[in-house]
file input.txt (compact mmCIF, C-alpha atoms)
# COMPACT_ATOMS: atom_id res chain seq x y z
CA MET A 11 0.00 0.00 0.00
CA MET A 12 1.29 3.43 -0.89
CA SER A 13 2.13 5.99 1.79
CA CYS A 14 -0.12 8.86 2.71
CA GLN A 15 2.42 11.32 1.31
CA SER A 16 2.44 9.54 -2.06
CA PHE A 17 -1.42 9.46 -2.09
CA ARG A 18 -1.72 13.17 -1.40
CA ALA A 19 0.81 13.90 -4.12
CA ASN A 20 -1.24 11.81 -6.60
CA ALA A 21 -4.74 12.41 -5.22
CA GLU A 22 -6.15 13.34 -8.65
CA SER A 23 -4.96 10.10 -10.18
CA ARG A 24 -7.30 7.15 -10.76
CA GLU A 25 -4.70 4.48 -10.40
CA PRO A 26 -5.87 1.32 -8.56
CA GLU A 27 -3.25 1.89 -5.83
CA VAL A 28 -4.46 5.38 -5.18
CA LEU A 29 -8.08 4.18 -4.94
CA GLU A 30 -7.06 1.33 -2.65
CA HIS A 31 -5.33 3.80 -0.29
CA LEU A 32 -8.42 5.98 -0.38
CA ARG A 33 -10.61 3.09 0.70
CA LYS A 34 -8.37 2.17 3.64
CA CYS A 35 -7.05 5.52 5.02
CA ASP A 36 -9.69 7.70 6.69
CA ALA A 37 -7.37 10.71 7.05
CA CYS A 38 -6.56 10.68 3.36
CA LEU A 39 -10.24 10.15 2.44
CA GLU A 40 -11.09 13.25 4.47
CA TYR A 41 -8.36 15.19 2.75
CA ALA A 42 -9.38 13.93 -0.70
CA VAL A 43 -13.08 14.81 -0.16
CA SER A 44 -12.09 18.34 0.89
CA VAL A 45 -10.18 18.68 -2.35
CA ASP A 46 -12.77 16.99 -4.62
CA PRO A 47 -16.12 15.54 -3.34
CA ASP A 48 -16.10 13.01 -6.18
CA HIS A 49 -13.34 11.15 -4.35
CA PHE A 50 -15.84 9.86 -1.82
CA PHE A 51 -17.99 8.44 -4.58
CA ARG A 52 -14.95 6.85 -6.11
CA ALA A 53 -13.93 5.48 -2.71
CA ILE A 54 -17.09 3.44 -2.44
CA GLY A 55 -16.71 2.13 -5.93
CA GLY A 56 -19.20 4.48 -7.52
CA GLU A 57 -17.34 4.49 -10.78
CA GLU A 58 -18.43 0.99 -11.51
CA LEU A 59 -22.09 1.51 -10.53
CA GLU A 60 -24.74 1.88 -13.20
CA PRO A 61 -28.35 2.84 -12.35
CA PRO A 62 -31.10 0.44 -13.39
CA GLY A 63 -32.42 1.22 -16.89
CA GLY A 64 -29.23 3.02 -17.81
CA VAL A 65 -27.72 6.41 -17.09
CA ASP A 66 -29.91 8.26 -19.64
CA ALA A 67 -33.17 6.88 -18.23
CA PHE A 68 -31.99 7.63 -14.69
CA THR A 69 -31.07 11.20 -15.65
CA ALA A 70 -34.41 11.70 -17.40
CA ASP A 71 -36.25 10.47 -14.29
CA VAL A 72 -34.25 12.78 -12.04
CA MET A 73 -34.91 15.77 -14.29
CA ALA A 74 -38.62 14.94 -14.44
CA GLN A 75 -38.70 14.86 -10.63
CA VAL A 76 -36.87 18.20 -10.52
CA ARG A 77 -39.39 19.80 -12.89
CA LEU A 78 -42.30 18.34 -10.90
CA ARG A 79 -40.94 19.78 -7.64
CA GLN A 80 -40.42 23.16 -9.29
CA ALA A 81 -44.01 23.16 -10.56
CA GLU A 82 -45.31 22.19 -7.10
CA GLY A 83 -43.27 24.99 -5.55
CA SER A 84 -44.59 27.64 -7.90
CA VAL A 85 -48.21 26.51 -7.35
CA ALA A 86 -47.69 26.48 -3.59
CA ARG A 87 -46.22 29.97 -3.75
CA ARG A 88 -49.28 31.16 -5.67
CA PHE A 89 -51.57 29.75 -2.99
CA LEU A 90 -49.47 31.39 -0.30
CA ILE A 91 -49.68 34.80 -1.95
CA ALA A 92 -53.42 34.70 -2.53
CA PRO A 93 -54.48 34.71 1.17
CA ARG A 94 -52.12 37.59 1.84
CA ARG A 95 -53.67 39.64 -0.91
CA LEU A 96 -57.10 38.63 0.29
CA ALA A 97 -56.27 39.58 3.87
CA ALA A 98 -54.84 42.94 2.78
CA ALA A 99 -57.95 43.68 0.71
CA ALA A 100 -60.19 42.69 3.64
CA VAL A 101 -58.21 44.94 6.01
CA ILE A 102 -58.67 47.87 3.60
CA VAL A 103 -62.40 47.18 3.30
CA VAL A 104 -62.80 46.92 7.08
CA ALA A 105 -60.76 50.10 7.59
CA ILE A 106 -62.96 52.00 5.10
CA GLY A 107 -66.08 50.59 6.77
CA ALA A 108 -64.86 51.56 10.24
CA GLY A 109 -63.97 55.02 8.97
CA ALA A 110 -67.42 55.47 7.47
CA LEU A 111 -69.01 54.30 10.74
CA VAL A 112 -66.96 56.77 12.80
CA TYR A 113 -67.79 59.58 10.35
CA GLU A 114 -71.49 58.79 10.52
CA ARG A 115 -71.45 58.78 14.33
CA ASN A 116 -69.62 62.09 14.48
CA ASP A 117 -72.18 63.51 12.08
CA GLN A 118 -75.00 62.37 14.35
CA ASN A 119 -73.39 63.82 17.44
CA VAL A 120 -75.70 66.41 18.95
CA GLY A 121 -74.48 69.28 21.06
CA PRO A 122 -75.54 69.27 24.71
CA THR A 123 -77.01 72.76 24.70
CA LEU A 124 -79.00 74.93 22.37
CA SER A 125 -76.69 76.64 19.93
CA ARG A 126 -77.45 80.28 19.38
CA SER A 127 -74.82 80.60 16.68
CA ALA A 128 -76.17 77.87 14.47
CA PRO A 129 -75.31 78.41 10.80
CA ALA A 130 -77.92 79.90 8.51
CA GLU A 131 -78.39 76.53 6.82
CA SER A 132 -79.63 74.92 10.05
CA ARG A 133 -82.04 77.78 10.65
CA ARG A 134 -83.97 76.90 7.53
CA HIS A 135 -87.49 75.83 8.46
CA VAL A 136 -88.24 72.16 8.32
CA ILE A 137 -91.99 71.80 8.26
CA THR A 138 -92.63 68.41 9.73
CA ALA A 139 -95.95 68.98 11.47
CA THR A 140 -99.34 70.27 10.49
CA LYS A 141 -101.71 71.82 12.96
CA PRO A 142 -105.48 72.19 12.89
CA ILE A 143 -106.56 75.67 11.82
CA VAL A 144 -109.11 75.89 14.62
CA GLU A 145 -107.30 74.89 17.81
CA THR A 146 -110.19 75.65 20.17
CA TYR A 147 -113.70 77.02 19.80
CA GLN A 148 -116.07 78.37 22.45
CA SER A 149 -118.96 76.00 21.82
CA GLN A 150 -118.70 72.23 22.19
CA GLY A 151 -121.81 71.68 20.08
CA ALA A 152 -120.42 73.40 16.99
CA THR A 153 -119.46 71.55 13.85
CA ILE A 154 -116.13 72.61 12.34
CA VAL A 155 -115.36 71.59 8.78
CA GLU A 156 -111.92 72.17 7.23
CA ILE A 157 -112.05 72.23 3.45
CA PRO A 158 -108.66 71.12 2.14
CA SER A 159 -106.80 73.61 -0.03
CA GLN A 160 -105.50 72.78 -3.51
CA GLY A 161 -101.95 73.84 -2.67
CA SER A 162 -99.82 76.07 -0.48
CA ASN A 163 -100.92 79.19 -2.42
CA ASP A 164 -104.59 78.28 -2.29
CA ALA A 165 -106.74 79.73 0.49
CA SER A 166 -107.77 77.31 3.23
CA VAL A 167 -111.44 77.43 4.18
CA VAL A 168 -112.88 76.47 7.55
CA MET A 169 -116.59 76.62 8.24
CA ILE A 170 -117.98 76.81 11.77
CA PHE A 171 -121.62 75.76 12.05
CA ASP A 172 -122.81 76.80 15.47
CA ASP A 173 -126.45 76.95 16.46
CA SER A 174 -125.68 79.36 19.27
CA LEU A 175 -124.48 82.06 16.87
CA PRO A 176 -126.86 84.96 16.22
CA ALA A 177 -128.75 84.88 12.94
CA ASP A 178 -127.72 88.38 11.98
CA LEU A 179 -124.00 87.86 11.95
CA MET B 83 -48.13 31.33 5.39
CA LYS B 84 -47.42 32.53 8.91
CA ARG B 85 -47.89 36.12 7.85
CA ALA B 86 -51.15 35.27 6.15
CA LEU B 87 -52.41 33.67 9.34
CA VAL B 88 -51.37 36.69 11.39
CA LEU B 89 -53.15 39.00 8.94
CA CYS B 90 -56.28 36.87 9.07
CA SER B 91 -56.24 36.97 12.87
CA VAL B 92 -55.89 40.76 12.86
CA LEU B 93 -58.72 40.98 10.35
CA LEU B 94 -60.96 38.79 12.48
CA MET B 95 -60.19 40.86 15.59
CA MET B 96 -60.94 44.13 13.80
CA THR B 97 -64.17 42.77 12.36
CA SER B 98 -65.31 41.51 15.76
CA VAL B 99 -64.49 44.87 17.37
CA VAL B 100 -66.48 46.75 14.72
CA PHE B 101 -69.47 44.43 14.96
CA ALA B 102 -69.38 44.35 18.76
CA ASP B 103 -69.30 48.14 18.79
CA ASP B 104 -72.20 48.27 16.35
CA ALA B 105 -74.24 45.83 18.41
CA GLY B 106 -73.51 47.91 21.50
CA ALA B 107 -74.63 51.04 19.68
CA GLY B 108 -77.90 49.35 18.73
CA ALA B 109 -78.52 48.38 22.33
CA LYS B 110 -77.92 51.88 23.68
CA SER B 111 -79.08 53.99 20.73
CA LEU B 112 -81.13 56.42 22.80
CA SER B 113 -79.53 59.65 23.91
CA VAL B 114 -80.57 62.09 26.60
CA HIS B 115 -80.40 65.86 26.33
CA THR B 116 -81.50 68.64 28.61
CA PHE B 117 -82.78 71.84 27.02
CA THR B 118 -83.05 74.92 29.20
CA PHE B 119 -85.20 77.75 27.83
CA LYS B 120 -84.54 81.41 28.11
CA TYR B 121 -87.50 82.97 26.32
CA LYS B 122 -90.20 80.31 26.04
CA ASP B 123 -91.99 77.97 28.42
CA ALA B 124 -90.82 74.37 28.65
CA ASP B 125 -94.40 73.03 28.58
CA LYS B 126 -95.08 74.78 25.26
CA ALA B 127 -91.80 73.46 23.91
CA ALA B 128 -92.84 69.96 24.98
CA ALA B 129 -96.10 70.22 23.06
CA MET B 130 -94.26 71.50 20.03
CA ILE B 131 -91.66 68.73 19.80
CA LYS B 132 -94.05 65.81 20.31
CA PRO B 133 -94.59 65.28 16.57
CA LEU B 134 -90.81 65.10 16.12
CA MET B 135 -90.29 62.32 18.67
CA SER B 136 -90.03 58.63 17.88
CA SER B 137 -92.15 56.00 19.59
CA GLU B 138 -89.14 55.18 21.81
CA GLY B 139 -88.65 58.80 22.83
CA SER B 140 -89.72 60.31 26.12
CA LEU B 141 -89.55 63.67 27.83
CA SER B 142 -89.82 65.13 31.28
CA MET B 143 -90.13 68.73 32.42
CA GLN B 144 -88.18 70.51 35.12
CA ALA B 145 -90.46 73.39 36.01
CA SER B 146 -88.04 74.97 38.51
CA THR B 147 -85.36 75.47 35.84
CA ASN B 148 -87.75 75.80 32.86
CA ALA B 149 -85.96 72.85 31.27
CA LEU B 150 -86.94 69.84 29.25
CA VAL B 151 -85.15 66.48 29.42
CA VAL B 152 -85.59 64.62 26.14
CA THR B 153 -84.61 61.01 25.52
CA ASP B 154 -84.68 59.83 21.94
CA ARG B 155 -82.70 58.51 19.02
CA PRO B 156 -79.79 60.73 17.93
CA GLU B 157 -81.41 61.55 14.58
CA ASN B 158 -84.63 62.64 16.29
CA LEU B 159 -82.68 64.65 18.85
CA LYS B 160 -80.97 66.45 16.00
CA ALA B 161 -84.30 67.58 14.56
CA ILE B 162 -85.63 68.41 18.05
CA THR B 163 -82.54 70.52 18.84
CA LYS B 164 -83.00 72.40 15.58
CA ALA B 165 -86.69 73.08 16.25
CA LEU B 166 -86.07 74.14 19.86
CA THR B 167 -83.26 76.46 18.81
CA GLU B 168 -85.67 78.24 16.48
CA PHE B 169 -88.43 78.15 19.08
CA ASP B 170 -86.47 79.61 22.01
CA GLN B 171 -85.98 83.02 20.48
CA PRO B 172 -86.94 86.48 21.74
CA PRO B 173 -90.57 87.34 20.82
CA GLN B 174 -90.79 87.69 17.05
CA PRO B 175 -92.88 90.32 15.28
CA PHE B 176 -95.79 89.26 13.07
CA ARG B 177 -98.31 91.06 10.93
CA ILE B 178 -101.87 89.82 10.82
CA VAL B 179 -104.20 90.96 8.06
CA VAL B 180 -107.85 90.63 9.08
CA ARG B 181 -110.70 91.15 6.64
CA LEU B 182 -114.39 90.64 7.34
CA ILE B 183 -116.87 89.72 4.62
CA GLY B 184 -120.60 89.33 4.91
CA ALA B 185 -121.54 86.43 2.63
CA SER B 186 -125.06 85.59 1.60
CA ARG B 187 -126.92 83.35 -0.81
CA SER B 188 -128.97 85.31 -3.26
CA GLU B 189 -130.98 84.07 -6.20
CA GLY B 190 -130.24 87.07 -8.35
CA ARG B 191 -126.99 88.03 -10.03
CA PRO B 192 -123.81 87.39 -8.02
CA ARG B 193 -122.61 90.53 -6.24
CA VAL B 194 -118.85 90.55 -5.89
CA THR B 195 -116.59 93.59 -5.90
CA ASP B 196 -113.15 93.59 -7.48
CA GLU B 197 -111.46 93.54 -4.06
CA MET B 198 -113.05 90.21 -3.27
CA LYS B 199 -112.43 88.42 -6.54
CA ASP B 200 -109.57 86.48 -4.95
CA ILE B 201 -111.87 84.67 -2.54
CA ALA B 202 -115.14 84.74 -4.50
CA PRO B 203 -114.59 81.32 -6.19
CA LYS B 204 -113.99 79.65 -2.83
CA LEU B 205 -117.10 81.13 -1.29
CA GLY B 206 -119.07 80.45 -4.46
CA MET B 207 -118.37 76.75 -3.96
CA LEU B 208 -120.13 77.03 -0.60
CA GLY B 209 -123.14 78.70 -2.25
CA PHE B 210 -122.36 82.24 -1.17
CA ASN B 211 -122.57 84.45 -4.25
CA SER B 212 -123.12 87.88 -2.69
CA LEU B 213 -120.22 89.31 -0.77
CA ASP B 214 -120.16 92.51 1.27
CA ASP B 215 -116.92 94.04 2.39
CA LEU B 216 -117.16 94.75 6.12
CA GLY B 217 -113.70 96.20 6.40
CA SER B 218 -110.12 95.12 6.90
CA ALA B 219 -107.14 96.00 9.04
CA ASP B 220 -103.47 95.14 9.53
CA VAL B 221 -102.20 94.50 13.03
CA THR B 222 -98.55 94.16 13.94
CA GLY B 223 -97.29 92.72 17.19
CA ARG B 224 -94.83 90.40 18.82
CA GLU B 225 -95.49 87.01 20.37
CA GLY B 226 -97.45 87.59 23.56
CA ASP B 227 -98.70 91.04 22.52
CA PRO B 228 -102.43 91.81 22.34
CA GLY B 229 -103.98 92.74 19.02
CA ILE B 230 -107.13 94.79 18.45
CA VAL B 231 -109.00 95.34 15.21
CA THR B 232 -111.83 97.84 15.10
CA LEU B 233 -113.75 98.19 11.87
CA SER B 234 -116.05 100.97 10.82
CA SER B 235 -118.78 98.41 10.16
CA GLY B 236 -119.07 97.92 13.95
CA TYR B 237 -117.10 94.70 14.22
CA ARG B 238 -114.22 94.38 16.63
CA ALA B 239 -111.69 91.61 17.09
CA ASP B 240 -109.47 91.15 20.13
CA PHE B 241 -106.77 88.52 20.22
CA LYS B 242 -103.28 87.70 21.40
CA PHE B 243 -100.25 86.96 19.22
CA GLY B 244 -99.39 83.45 20.35
CA GLU B 245 -96.25 81.35 19.99
CA TYR B 246 -94.52 80.75 16.70
CA ASP B 247 -94.12 77.03 15.98
CA PRO B 248 -91.13 76.36 13.71
CA THR B 249 -92.15 72.73 13.12
CA SER B 250 -95.30 73.86 11.28
CA ASP B 251 -94.09 77.41 10.44
CA SER B 252 -97.24 78.75 12.04
CA VAL B 253 -98.20 81.35 14.59
CA GLN B 254 -101.06 80.94 17.01
CA ILE B 255 -103.77 83.57 17.30
CA SER B 256 -105.01 82.99 20.83
CA ASP B 257 -108.39 84.00 22.25
CA PHE B 258 -109.64 85.53 19.04
CA ARG B 259 -112.90 87.22 20.18
CA LEU B 260 -115.18 88.71 17.58
CA SER B 261 -117.79 91.19 18.75
CA LYS B 262 -120.31 93.44 17.06
CA GLN B 263 -121.37 96.90 18.16
CA GLN B 264 -125.17 96.90 18.39
CA SER B 265 -126.78 100.08 19.64
CA ASP B 266 -124.54 101.02 22.55
CA GLN B 267 -123.57 97.46 23.37
CA LEU B 268 -120.72 95.29 22.16
CA THR B 269 -122.23 91.86 21.56
CA PRO B 270 -119.79 88.92 21.62
CA LEU B 271 -120.17 86.66 18.57
CA LEU B 272 -117.52 84.00 18.81
CA LYS B 273 -114.29 83.05 20.54
CA THR B 274 -111.65 80.75 19.06
CA THR B 275 -107.93 80.03 18.87
CA LEU B 276 -106.41 79.64 15.42
CA ASN B 277 -103.14 78.34 13.98
CA LEU B 278 -102.06 80.32 10.93
CA ARG B 279 -99.24 79.13 8.72
CA ILE B 280 -97.08 82.03 7.64
CA GLY B 281 -98.14 83.42 4.24
CA GLN B 282 -101.19 81.18 3.91
CA MET B 283 -104.65 82.75 3.46
CA TYR B 284 -107.39 81.38 5.70
CA ILE B 285 -111.12 81.94 5.36
CA VAL B 286 -112.92 81.14 8.60
CA GLY B 287 -116.68 81.16 8.02
CA ALA B 288 -119.21 81.26 10.83
CA THR B 289 -122.90 80.58 10.46
CA LYS B 290 -125.73 78.89 12.34
CA THR B 291 -126.32 75.93 10.02
CA PRO B 292 -125.00 74.73 6.66
CA LYS B 293 -128.16 76.02 5.03
CA SER B 294 -128.15 79.46 6.67
CA PRO B 295 -128.63 82.23 4.10
CA ARG B 296 -125.93 84.37 5.65
CA ALA B 297 -122.44 83.77 7.02
CA LEU B 298 -119.65 85.90 8.35
CA MET B 299 -116.32 85.25 6.68
CA ILE B 300 -113.11 86.16 8.53
CA VAL B 301 -110.18 86.25 6.13
CA LEU B 302 -106.79 86.04 7.87
CA VAL B 303 -103.20 86.09 6.68
CA ALA B 304 -100.18 85.99 8.99
CA ARG B 305 -96.84 87.36 7.83
CA LYS B 306 -93.45 87.67 9.44
call {"tool": "encode", "arguments": {"input": "input.txt", "output": "structure tokens"}}
result
Amino acid sequence: MMSCQSFRANAESREPEVLEHLRKCDACLEYAVSVDPDHFFRAIGGEELEPPGGVDAFTADVMAQVRLRQAEGSVARRFLIAPRRLAAAAVIVVAIGAGALVYERNDQNVGPTLSRSAPAESRRHVITATKPIVETYQSQGATIVEIPSQGSNDASVVMIFDDSLPADL
Amino acid sequence: MKRALVLCSVLLMMTSVVFADDAGAGAKSLSVHTFTFKYKDADKAAAMIKPLMSSEGSLSMQASTNALVVTDRPENLKAITKALTEFDQPPQPFRIVVRLIGASRSEGRPRVTDEMKDIAPKLGMLGFNSLDDLGSADVTGREGDPGIVTLSSGYRADFKFGEYDPTSDSVQISDFRLSKQQSDQLTPLLKTTLNLRIGQMYIVGATKTPKSPRALMIVLVARK
């Protein structure tokens, strides 16, 4: 068997003696692997191994597996991105909704006291109630008839039929 | 993936906060406000705002401070605040135009002067085709002031300028008493309280029965 010094001097060689030293000397195997990882493969006799179906078929299988894994990875990435986008969109929608809610509540906030300096806009009359023309009348036995007007510019007519009224009004 | 989960959790938390807040708002949606009045009476203000209140609303008066405590939905309170702000003002001036017309049913030709052509169609519908002008007068006064109308035909009207109601844009003519001078005596004819919307013409007719041949028409217009 050759010495360690001789092996390290001829580490790149593929002579049978060199390979035999590689198989038997752990220190030189470690050294050889640090120089060229293929040495380890050679040390276990990898040079003589041939994959079932031939090297070309083996290579094709490996490459097919590589492409399959790449495709799976890209699909997985797509599915990972989608929830993020969805979550971001949902956060924006919720933020807009919350903002609108806060704005609406502020708008509905009513001051605690009567404001004497209300803007002219708020002083505009809002007619929300209608009142009877005749609020009270002296006689309980009278009949009061309100004749509806045709519009706001039309005169409203109310007739009071009261037996207690004098004939010569 | 981890980030997506964190984002989803944050989203869920925010959503639950918003919905919990909303549910809380629904449960306690009624607000309470106290209105203290400087110029008007709280009891009159209470009567005025009743049409503006929701079925869930309530109010109570504090007579000692002339205040009104109103509980209602925020949107109703907004309208109530607006109406009360307009209501609690110093007495406003108004002008009341009073015109008296003697209306009768005659079988002959209709007798209507040019001054009464504006109301003749309305009275014609009631069967009154002869109209006599008994005089007119303008009276100006502020809320709470008395008003007196004396016409040369012998009629006299006494009344009080009542409160202005911003919710119906109307002023009340309280204790409107119509009298007629007969010989040396002033004979009372009728007494009523009227609500007049600003700018609207009202014809208040008084007669014994629907078939009476004669009626007294009081034409009123209130202006600011």
call {"tool": "atom_distance", "arguments": {"input": "input.txt", "atom1": "atom CA of B:Thr153", "atom2": "atom CA of B:Asp247"}}
result
20.9 Å
call {"tool": "interface_residues", "arguments": {"input": "input.txt", "of": "chain B", "to": "chain A", "cutoff": "8 Å", "atoms": "all atoms listed in the file", "output": "ChimeraX atom specification"}}
result
/B:83,85-86,89-90,93,96-97,100,115-118,133-134,156-157,159-160,163-164,166-168,184,201,204,248-251,271-278,282-292,296-298
call {"tool": "residues_around", "arguments": {"input": "input.txt", "residues": "stretch 139-145 of chain B", "least_positions_apart": "3", "cutoff": "8 Å", "atoms": "all atoms listed in the file", "output": "MDAnalysis selection string"}}
result
chainID B and resid 112 124:125 128 135:136 148:155
call {"tool": "closest_residue", "arguments": {"input": "input.txt", "among": "B:Met299, B:Val253, B:Ala165, B:Phe119", "to": "B:Ser212", "atoms": "all atoms listed in the file"}}
result
B:Met299
call {"tool": "atom_distance", "arguments": {"input": "input.txt", "atom1": "atom CA of B:Gly281", "atom2": "atom CA of B:Arg305"}}
result
5.5 Å
call {"tool": "residues_near_point", "arguments": {"input": "input.txt", "point": "(-104.3, 88.3, 16.8)", "cutoff": "12 Å", "atoms": "all atoms listed in the file", "output": "PDB file with C-alpha atoms, in the coordinates of the input"}}
result
ATOM      1  CA  PRO B 175     -92.880  90.320  15.280  1.00  0.00           C
ATOM      2  CA  PHE B 176     -95.790  89.260  13.070  1.00  0.00           C
ATOM      3  CA  ARG B 177     -98.310  91.060  10.930  1.00  0.00           C
ATOM      4  CA  ILE B 178    -101.870  89.820  10.820  1.00  0.00           C
ATOM      5  CA  VAL B 179    -104.200  90.960   8.060  1.00  0.00           C
ATOM      6  CA  VAL B 180    -107.850  90.630   9.080  1.00  0.00           C
ATOM      7  CA  ALA B 219    -107.140  96.000   9.040  1.00  0.00           C
ATOM      8  CA  ASP B 220    -103.470  95.140   9.530  1.00  0.00           C
ATOM      9  CA  VAL B 221    -102.200  94.500  13.030  1.00  0.00           C
ATOM     10  CA  THR B 222     -98.550  94.160  13.940  1.00  0.00           C
ATOM     11  CA  GLY B 223     -97.290  92.720  17.190  1.00  0.00           C
ATOM     12  CA  ARG B 224     -94.830  90.400  18.820  1.00  0.00           C
ATOM     13  CA  GLU B 225     -95.490  87.010  20.370  1.00  0.00           C
ATOM     14  CA  GLY B 226     -97.450  87.590  23.560  1.00  0.00           C
ATOM     15  CA  ASP B 227     -98.700  91.040  22.520  1.00  0.00           C
ATOM     16  CA  PRO B 228    -102.430  91.810  22.340  1.00  0.00           C
ATOM     17  CA  GLY B 229    -103.980  92.740  19.020  1.00  0.00           C
ATOM     18  CA  ILE B 230    -107.130  94.790  18.450  1.00  0.00           C
ATOM     19  CA  VAL B 231    -109.000  95.340  15.210  1.00  0.00           C
ATOM     20  CA  ARG B 238    -114.220  94.380  16.630  1.00  0.00           C
ATOM     21  CA  ALA B 239    -111.690  91.610  17.090  1.00  0.00           C
ATOM     22  CA  ASP B 240    -109.470  91.150  20.130  1.00  0.00           C
ATOM     23  CA  PHE B 241    -106.770  88.520  20.220  1.00  0.00           C
ATOM     24  CA  LYS B 242    -103.280  87.700  21.400  1.00  0.00           C
ATOM     25  CA  PHE B 243    -100.250  86.960  19.220  1.00  0.00           C
ATOM     26  CA  GLY B 244     -99.390  83.450  20.350  1.00  0.00           C
ATOM     27  CA  GLU B 245     -96.250  81.350  19.990  1.00  0.00           C
ATOM     28  CA  VAL B 253     -98.200  81.350  14.590  1.00  0.00           C
ATOM     29  CA  GLN B 254    -101.060  80.940  17.010  1.00  0.00           C
ATOM     30  CA  ILE B 255    -103.770  83.570  17.300  1.00  0.00           C
ATOM     31  CA  SER B 256    -105.010  82.990  20.830  1.00  0.00           C
ATOM     32  CA  ASP B 257    -108.390  84.000  22.250  1.00  0.00           C
ATOM     33  CA  PHE B 258    -109.640  85.530  19.040  1.00  0.00           C
ATOM     34  CA  ARG B 259    -112.900  87.220  20.180  1.00  0.00           C
ATOM     35  CA  LEU B 260    -115.180  88.710  17.580  1.00  0.00           C
ATOM     36  CA  LYS B 273    -114.290  83.050  20.540  1.00  0.00           C
ATOM     37  CA  THR B 274    -111.650  80.750  19.060  1.00  0.00           C
ATOM     38  CA  THR B 275    -107.930  80.030  18.870  1.00  0.00           C
ATOM     39  CA  LEU B 276    -106.410  79.640  15.420  1.00  0.00           C
ATOM     40  CA  ASN B 277    -103.140  78.340  13.980  1.00  0.00           C
ATOM     41  CA  LEU B 278    -102.060  80.320  10.930  1.00  0.00           C
ATOM     42  CA  LEU B 302    -106.790  86.040   7.870  1.00  0.00           C
ATOM     43  CA  VAL B 303    -103.200  86.090   6.680  1.00  0.00           C
ATOM     44  CA  ALA B 304    -100.180  85.990   8.990  1.00  0.00           C
ATOM     45  CA  ARG B 305     -96.840  87.360   7.830  1.00  0.00           C
TER      46      ARG B 305
END
call {"tool": "residues_around", "arguments": {"input": "input.txt", "residues": "B:Lys120", "least_positions_apart": "2", "cutoff": "8 Å", "atoms": "all atoms listed in the file", "output": "list in words"}}
result
Thr118, Lys122, Asp170 and Gln171 of chain B
call {"tool": "atom_distance", "arguments": {"input": "input.txt", "atom1": "atom CA of A:Glu82", "atom2": "atom CA of A:Thr69"}}
result
19.9 Å
call {"tool": "axis_aligned_box", "arguments": {"input": "input.txt", "around": "stretch 235-249 of chain B", "padding_each_side": "8 Å", "output": "AutoDock Vina command-line options"}}
result
--center_x -105.1 --center_y 85.6 --center_z 15.8 --size_x 43.9 --size_y 41.7 --size_z 27.2
call {"tool": "build_atoms", "arguments": {"input": "input.txt", "residues": "stretch 160-171 of chain A", "atoms": "N, CA and C atoms", "output": "mmCIF file, in the coordinates of the input"}}
result
data_model
loop_
_atom_site.group_PDB
_atom_site.id
_atom_site.type_symbol
_atom_site.label_atom_id
_atom_site.label_comp_id
_atom_site.auth_asym_id
_atom_site.auth_seq_id
_atom_site.Cartn_x
_atom_site.Cartn_y
_atom_site.Cartn_z
ATOM 1 N N GLN A 160 -106.074 73.442 -2.322
ATOM 2 C CA GLN A 160 -105.500 72.780 -3.510
ATOM 3 C C GLN A 160 -103.969 72.821 -3.508
ATOM 4 N N GLY A 161 -103.413 73.705 -2.721
ATOM 5 C CA GLY A 161 -101.950 73.840 -2.670
ATOM 6 C C GLY A 161 -101.591 74.878 -1.638
ATOM 7 N N SER A 162 -100.257 75.130 -1.514
ATOM 8 C CA SER A 162 -99.820 76.070 -0.480
ATOM 9 C C SER A 162 -100.268 77.497 -0.776
ATOM 10 N N ASN A 163 -100.499 77.827 -2.074
ATOM 11 C CA ASN A 163 -100.920 79.190 -2.420
ATOM 12 C C ASN A 163 -102.434 79.349 -2.397
ATOM 13 N N ASP A 164 -103.130 78.247 -2.278
ATOM 14 C CA ASP A 164 -104.590 78.280 -2.290
ATOM 15 C C ASP A 164 -105.110 78.587 -0.885
ATOM 16 N N ALA A 165 -106.181 79.379 -0.818
ATOM 17 C CA ALA A 165 -106.740 79.730 0.490
ATOM 18 C C ALA A 165 -107.369 78.502 1.150
ATOM 19 N N SER A 166 -107.148 78.394 2.458
ATOM 20 C CA SER A 166 -107.770 77.310 3.230
ATOM 21 C C SER A 166 -109.088 77.821 3.801
ATOM 22 N N VAL A 167 -110.117 77.001 3.701
ATOM 23 C CA VAL A 167 -111.440 77.430 4.180
ATOM 24 C C VAL A 167 -111.864 76.540 5.345
ATOM 25 N N VAL A 168 -112.332 77.185 6.399
ATOM 26 C CA VAL A 168 -112.880 76.470 7.550
ATOM 27 C C VAL A 168 -114.265 77.033 7.811
ATOM 28 N N MET A 169 -115.222 76.164 7.936
ATOM 29 C CA MET A 169 -116.590 76.620 8.240
ATOM 30 C C MET A 169 -116.964 76.167 9.643
ATOM 31 N N ILE A 170 -117.498 77.114 10.420
ATOM 32 C CA ILE A 170 -117.980 76.810 11.770
ATOM 33 C C ILE A 170 -119.496 76.903 11.744
ATOM 34 N N PHE A 171 -120.153 75.789 11.990
ATOM 35 C CA PHE A 171 -121.620 75.760 12.050
ATOM 36 C C PHE A 171 -122.002 75.661 13.523
#
